[in-house]
Structure formats: structure tokens, C-alpha cells
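> Here it is, the structure, as C-alpha cells.
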Number of protein chains: 2
Amino acid sequence: MSTISDLIEEFLLNTLGDDDSLSISRNELASYFSVAPSQINYVLATRFTPARGYTIESRRGGGGFISVVRLTDNPSEVLSQIVARPISQGYSYNTACSIVDRLVRDEVFTAQEAELIKAAISDKALLTPTMMQKDSLRASILKAVASAALKRCNCKNSQSDPAQGAKAPDGGKITDNRR
Amino acid sequence: MSTISDLIEEFLLNTLGDDDSLSISRNELASYFSVAPSQINYVLATRFTPARGYTIESRRGGGGFISVVRLTDNPSEVLSQIVARPISQGYSYNTACSIVDRLVRDEVFTAQEAELIKAAISDKALLTPTMMQKDSLRASILKAVASAALKRCNCKNSQSDPAQGAKAPDGGKITDNRR
DNA sequence: AAGTCAAAGGTCAAAGAAAGTCAAACCAAA
DNA sequence: TTTGGTTTGACTTTCTTTGACCTTTGACTT
């Protein structure tokens, strides 16, 4: 069964379509789905995270709105960020998966590759006793994988695509807010 | 004589039929058979193991579910050996690489996938202090990856579109992990 | 310009809904 | 009587939903 949050996510994704941003009224959306307005925040906080390649902007007061922006920065940027990030900060499994999925979206990885990577960084695969250790290990493995991916990325990119501007407005933090 | 666990197994197998995967609610199933919910876990843990050709996925919380995924029924010999082998025996990096290369020749993995896997199991990626620990960890990761490779969709299916977050309403893919 | 106010949206914690874990109790067969 | 597979239930973890209360904003007065 899929939850109302899933439906809202789907609705937003559909509304987004091929565009790279959309703007809505929180209250309207909430009443359209008959949920508490704060549930909209929940959906945004859990599904439209930077790790997944989105950011949120909003304004309060009369004429307020929320907008969802699809991050369109260069995939190799994302890879570089993973590589640059200190291992000690670690990644939860879910955050790591969000990132991997996001990279599938950006066509850095195929869906099959993503499955393999996710398997490799699953709790199951990571024997280590404590969660903290797992998170670090995951960061380290992901880093190695990202480096490997960067290599082929460089090969592919060697002659392409100047026409893409649009950097992340926030310096592109890669974290996931899910609880 | 047949225990209730056997009946639950049979029920699941029937429900699975010819499909590659099924998705159920643990609580519903438990109450259908009037058993403790955790008995469902017992059945899954003892009867739907990778060794027997299945893996389990699940999600907790509201809208939670358990899904049973059938692994390919004509697995690569090499792949099944990896899954069967005890982790404690470990793999050196070189051995592991040979195996992965072998799997490339067998067309289980693409060359690109192989690169990523090798990166994931490189000494660099594996933080752990002692070599022995690294070797075990490598075995565990490789096992998880092999297991993922045994999922059908990973073997032959790629015809459909993976490009956007999985639209399959209600019948298809369960592989989640997102949140 | 400053003050007021209603209309947004934001935060947070509690309650609810699943599933997971683990060890103790149970039972059948050797 | 020991052993190994089953069954159960108490407790934990994860994800979702709701509601009460907080902050920001712009328009409207004064």
C-alpha cells in the first residue's frame, strides 16, 4: 500500500514534469489531499532533499508559496562532493541511497549499477558492529565508487556541453533530513 | 506432518505463482493465520533465504510492507558459489577481482559495473585495520552484490524505462529504500 | 512611518502504524 | 534426555500523520 505522503510526492513529481521548478500553496495542496498542512512539510523534508537533487524555497504571509527546485548541477560536481566530504561524517543507508538514486536520475549510474552499489553499502553487507562505523564505512565505499565513476565521467565529458549553467544556490550540501 | 510455518510458506509460494515478487502486510498475513507477527519473520528467515533462491525487502511504519523477491532460477555458477561461501573465509582483493572479471566474461556484469564493484571492495574503501577483517568484509560485500545480481530484473529485463522514480502503480517494483 | 492584523508558512513533539529483534518457552524426534 | 526446529510475546526501531503553537510577510490603518 502506498501512503498519502507517497501520493503527494507523486503529484509533485508529475506537476514538476520536465520543468525544473514548481510553485504551490501549502494550504491548498494540503486541503486538496485532506491532510494537515504540516504534512506537506514532511513530504518535502523527506522526499525533496538535496541528496535527492531538490531544494525548497518558500515565503510566508499573504501570497506565500512553496517552490520545489530540481537541482541541475553538473553530475560530476555531485561526485566530487562525495569524494571531498570527510569520511568521518558518514552516510546513513537511506541518505546514501538517495544520492545514488539521484545519480541515476542524472544518468551517471544505470539502474542496475545503482542496485549493485546499494547492495554493497547495505547494512547487511557491512558486518561492522556499530551504526557509526557502518556509516563511515559506507562513506568510504561510496567515495571509492564515486572516484571510479568520476573517471569514466571525465572520459565521457571530455568534449561536451558548455551550455549548462545553473549551479546549486546553496553551495550544494549533500545531506538528507529524514528522521 | 506440516507445521503452520509450512502452511505459510506454501501460501507465499502460491501467491508468488509465476511472478518475480510479491508484497504483503506482515500483520495481515499473521492475523490471517492467527500467529504472532514475528512468526512471519521466522518463515521468511528460514524458508526464503538467498540460498533457497529468494530475498526479502521491507519497509516499516505506516504503509509498511514485506516483499519476497525470487532470484533467477538459472544462476551463474560463480554467483551462487559466492553466495554460498562462508564469509569467514574471506577474499583477498586480487582473488575478488579475478572473480569479478570472470563474471564480466560470463556477461553477468558489464565492464563498467565491474569497475564500480572493484572500487567498492578495494583496500582503500575498506577502512578496517587488519587484512583479515578486510578480507571478510570483502566477502560480505561481494556476497551482497552477488545476491543483488541474482535478482531477475538485474539479469535480463532491461527493456523498460528506469529513468524516473518508478511509476509502476500497484504491480511492479517494490525495491524501495528511498526514505 | 509606525502600528496592527490576518494570512501564510515553519517547527516540533506526540500519537499511530508498521516491521524488526531476541530470547524464552514449547515440542517432537532421535 | 538432549537437540533442533517452532511459536510466542515483550521490547525496539522506523516511518507517517496530526495538532498546537511560533514566525514572517504584506496590506491596511492611523
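In the C-alpha cells, the first chain shown is A, the next is B, and so on; residue numbers restart at 1 for each chain, and ligands run from 1 in the order shown.
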Using only C-alpha atoms (C1' of nucleotides), find which residues of chain C lie within 8 Å of chain B and jot them down as an NGL selection string.

:C and (17-19)

> Pick out each residue of region 16-123 of chain A that DSSP on the backbone tags as strand (DSSP E); I need them as a CSV table (one decimal) with C-alpha atoms, in the first residue's frame.


```
chain,number,residue,atom,x,y,z
A,21,SER,CA,10.8,24.2,-10.6
A,22,LEU,CA,7.2,24.5,-9.4
A,23,SER,CA,5.4,26.7,-7.0
A,24,ILE,CA,2.4,25.9,-4.9
A,54,TYR,CA,16.0,19.1,-4.9
A,55,THR,CA,15.8,22.2,-2.8
A,56,ILE,CA,12.8,24.0,-1.4
A,57,GLU,CA,12.2,27.7,-1.3
A,58,SER,CA,9.3,29.5,0.3
A,59,ARG,CA,7.7,32.6,1.6
A,65,PHE,CA,4.1,29.9,-1.6
A,66,ILE,CA,6.4,26.9,-1.6
A,67,SER,CA,8.5,26.1,-4.5
A,68,VAL,CA,10.4,22.9,-5.3
A,69,VAL,CA,13.5,23.3,-7.4
A,70,ARG,CA,15.2,20.5,-9.2
```

> State the Cα RMSD (Å, one decimal) obtained when chain B is least-squares superposed onto chain A, all Cα atoms paired in order.

11.9 Å

> For the interface of chain D with chain A (cut-off 10 Å, counting only C-alpha atoms (C1' of nucleotides)), please tabulate each contacting residue of chain D alongside its nearest pair of atoms and their separation in Å to one decimal, rows sorted by chain and increasing number, as a Markdown table.


```
| residue | atom | partner | partner_atom | distance |
| --- | --- | --- | --- | --- |
| D:DT14 | C1' | A:Arg179 | CA | 8.5 |
| D:DC15 | C1' | A:Arg179 | CA | 8.3 |
| D:DT16 | C1' | A:Ser5 | CA | 7.9 |
| D:DT17 | C1' | A:Gln39 | CA | 7.2 |
| D:DT18 | C1' | A:Ala36 | CA | 6.5 |
| D:DG19 | C1' | A:Ala36 | CA | 8.2 |
| D:DT23 | C1' | A:Arg60 | CA | 8.8 |
| D:DT24 | C1' | A:Arg60 | CA | 5.6 |
| D:DT25 | C1' | A:Gly61 | CA | 4.2 |
| D:DG26 | C1' | A:Gly62 | CA | 6.1 |
| D:DA27 | C1' | A:Gly62 | CA | 8.6 |
```

> Which residues are close to DC28 (chain D), i.e. within 10 Å by only C-alpha atoms (C1' of nucleotides), leaving aside same-chain residues fewer than 2 positions away? Reply as a ChimeraX atom specification.

/C:4-5 /D:26,30

> Would you list, as a PyMOL selection string, the residues of region 5-138 of chain A that end up in helix (DSSP H, G or I) under DSSP run on this structure's backbone?

chain A and resi 5-16+26-32+37-47+50-52+75-84+87-89+93-105+111-120+123-126+131-138

> Write the residues you've just listed into a file as a PDB file, in the first residue's frame, and include C-alpha atoms for each of them.


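The resulting file, selection-v2.pdb, is reproduced below:
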```
ATOM      1  CA  SER A   5       2.801  11.048   1.507  1.00  0.00           C
ATOM      2  CA  ASP A   6       3.737   8.902  -1.465  1.00  0.00           C
ATOM      3  CA  LEU A   7       0.780  10.222  -3.400  1.00  0.00           C
ATOM      4  CA  ILE A   8       1.709  13.779  -2.620  1.00  0.00           C
ATOM      5  CA  GLU A   9       5.239  13.086  -3.742  1.00  0.00           C
ATOM      6  CA  GLU A  10       3.965  11.605  -6.964  1.00  0.00           C
ATOM      7  CA  PHE A  11       1.664  14.537  -7.507  1.00  0.00           C
ATOM      8  CA  LEU A  12       4.526  16.947  -7.063  1.00  0.00           C
ATOM      9  CA  LEU A  13       6.758  14.986  -9.390  1.00  0.00           C
ATOM     10  CA  ASN A  14       4.044  14.923 -12.019  1.00  0.00           C
ATOM     11  CA  THR A  15       3.391  18.591 -11.624  1.00  0.00           C
ATOM     12  CA  LEU A  16       7.079  19.201 -11.945  1.00  0.00           C
ATOM     13  CA  ARG A  26       0.915  24.724   1.033  1.00  0.00           C
ATOM     14  CA  ASN A  27      -2.610  25.140   2.329  1.00  0.00           C
ATOM     15  CA  GLU A  28      -4.232  24.455  -1.000  1.00  0.00           C
ATOM     16  CA  LEU A  29      -2.194  21.342  -1.547  1.00  0.00           C
ATOM     17  CA  ALA A  30      -2.929  20.166   1.965  1.00  0.00           C
ATOM     18  CA  SER A  31      -6.633  20.650   1.592  1.00  0.00           C
ATOM     19  CA  TYR A  32      -6.608  19.045  -1.858  1.00  0.00           C
ATOM     20  CA  PRO A  37      -0.623  21.417   6.201  1.00  0.00           C
ATOM     21  CA  SER A  38       2.451  20.340   8.058  1.00  0.00           C
ATOM     22  CA  GLN A  39       2.309  17.057   6.232  1.00  0.00           C
ATOM     23  CA  ILE A  40       3.345  18.933   3.143  1.00  0.00           C
ATOM     24  CA  ASN A  41       6.479  19.939   5.002  1.00  0.00           C
ATOM     25  CA  TYR A  42       7.022  16.344   5.925  1.00  0.00           C
ATOM     26  CA  VAL A  43       6.834  15.239   2.327  1.00  0.00           C
ATOM     27  CA  LEU A  44       9.194  17.959   1.250  1.00  0.00           C
ATOM     28  CA  ALA A  45      11.624  17.263   4.065  1.00  0.00           C
ATOM     29  CA  THR A  46      11.772  13.559   3.397  1.00  0.00           C
ATOM     30  CA  ARG A  47      11.444  13.355  -0.370  1.00  0.00           C
ATOM     31  CA  PRO A  50      19.344  17.967  -1.611  1.00  0.00           C
ATOM     32  CA  ALA A  51      20.600  14.395  -1.566  1.00  0.00           C
ATOM     33  CA  ARG A  52      17.814  13.549  -3.924  1.00  0.00           C
ATOM     34  CA  PRO A  75      26.746  15.380 -12.166  1.00  0.00           C
ATOM     35  CA  SER A  76      30.484  15.374 -11.780  1.00  0.00           C
ATOM     36  CA  GLU A  77      30.033  18.144  -9.219  1.00  0.00           C
ATOM     37  CA  VAL A  78      27.951  15.771  -7.178  1.00  0.00           C
ATOM     38  CA  LEU A  79      30.553  13.059  -7.483  1.00  0.00           C
ATOM     39  CA  SER A  80      33.278  15.467  -6.473  1.00  0.00           C
ATOM     40  CA  GLN A  81      31.340  16.491  -3.416  1.00  0.00           C
ATOM     41  CA  ILE A  82      31.063  12.901  -2.341  1.00  0.00           C
ATOM     42  CA  VAL A  83      34.758  12.439  -2.808  1.00  0.00           C
ATOM     43  CA  ALA A  84      35.601  15.650  -0.979  1.00  0.00           C
ATOM     44  CA  ILE A  87      34.563  10.057   5.731  1.00  0.00           C
ATOM     45  CA  SER A  88      34.099  10.687   9.411  1.00  0.00           C
ATOM     46  CA  GLN A  89      30.793  12.347   8.711  1.00  0.00           C
ATOM     47  CA  TYR A  93      21.996   3.936   4.338  1.00  0.00           C
ATOM     48  CA  ASN A  94      18.999   5.969   3.336  1.00  0.00           C
ATOM     49  CA  THR A  95      20.933   9.085   2.577  1.00  0.00           C
ATOM     50  CA  ALA A  96      23.411   7.084   0.559  1.00  0.00           C
ATOM     51  CA  CYS A  97      20.578   5.538  -1.415  1.00  0.00           C
ATOM     52  CA  SER A  98      19.050   8.926  -2.049  1.00  0.00           C
ATOM     53  CA  ILE A  99      22.311  10.077  -3.507  1.00  0.00           C
ATOM     54  CA  VAL A 100      22.726   7.006  -5.642  1.00  0.00           C
ATOM     55  CA  ASP A 101      19.189   7.349  -6.954  1.00  0.00           C
ATOM     56  CA  ARG A 102      19.778  10.940  -7.703  1.00  0.00           C
ATOM     57  CA  LEU A 103      22.804   9.938  -9.738  1.00  0.00           C
ATOM     58  CA  VAL A 104      20.654   7.507 -11.641  1.00  0.00           C
ATOM     59  CA  ARG A 105      18.347  10.362 -12.445  1.00  0.00           C
ATOM     60  CA  ALA A 111      19.555   1.466 -12.568  1.00  0.00           C
ATOM     61  CA  GLN A 112      21.400  -1.839 -12.464  1.00  0.00           C
ATOM     62  CA  GLU A 113      24.577  -0.236 -11.252  1.00  0.00           C
ATOM     63  CA  ALA A 114      22.590   1.525  -8.586  1.00  0.00           C
ATOM     64  CA  GLU A 115      21.203  -1.772  -7.335  1.00  0.00           C
ATOM     65  CA  LEU A 116      24.678  -3.202  -7.042  1.00  0.00           C
ATOM     66  CA  ILE A 117      26.023  -0.168  -5.257  1.00  0.00           C
ATOM     67  CA  LYS A 118      23.131  -0.134  -2.835  1.00  0.00           C
ATOM     68  CA  ALA A 119      23.725  -3.787  -2.105  1.00  0.00           C
ATOM     69  CA  ALA A 120      27.391  -3.110  -1.477  1.00  0.00           C
ATOM     70  CA  ASP A 123      23.801  -2.745   6.480  1.00  0.00           C
ATOM     71  CA  LYS A 124      23.801  -6.408   5.655  1.00  0.00           C
ATOM     72  CA  ALA A 125      26.989  -6.179   3.683  1.00  0.00           C
ATOM     73  CA  LEU A 126      28.787  -4.104   6.253  1.00  0.00           C
ATOM     74  CA  MET A 131      25.986   2.021  13.201  1.00  0.00           C
ATOM     75  CA  MET A 132      28.510   4.778  13.405  1.00  0.00           C
ATOM     76  CA  GLN A 133      31.154   2.530  11.977  1.00  0.00           C
ATOM     77  CA  LYS A 134      28.800   1.409   9.253  1.00  0.00           C
ATOM     78  CA  ASP A 135      28.103   4.996   8.316  1.00  0.00           C
ATOM     79  CA  SER A 136      31.785   5.755   7.960  1.00  0.00           C
ATOM     80  CA  LEU A 137      32.485   2.643   6.038  1.00  0.00           C
ATOM     81  CA  ARG A 138      29.621   3.471   3.755  1.00  0.00           C
TER      82      ARG A 138
END
```

> Quick one: distance from C1' of DC22 (chain C) to C1' of DT8 (chain D) in Å, one decimal?

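Here the two named atoms are 11.7 Å from each other.
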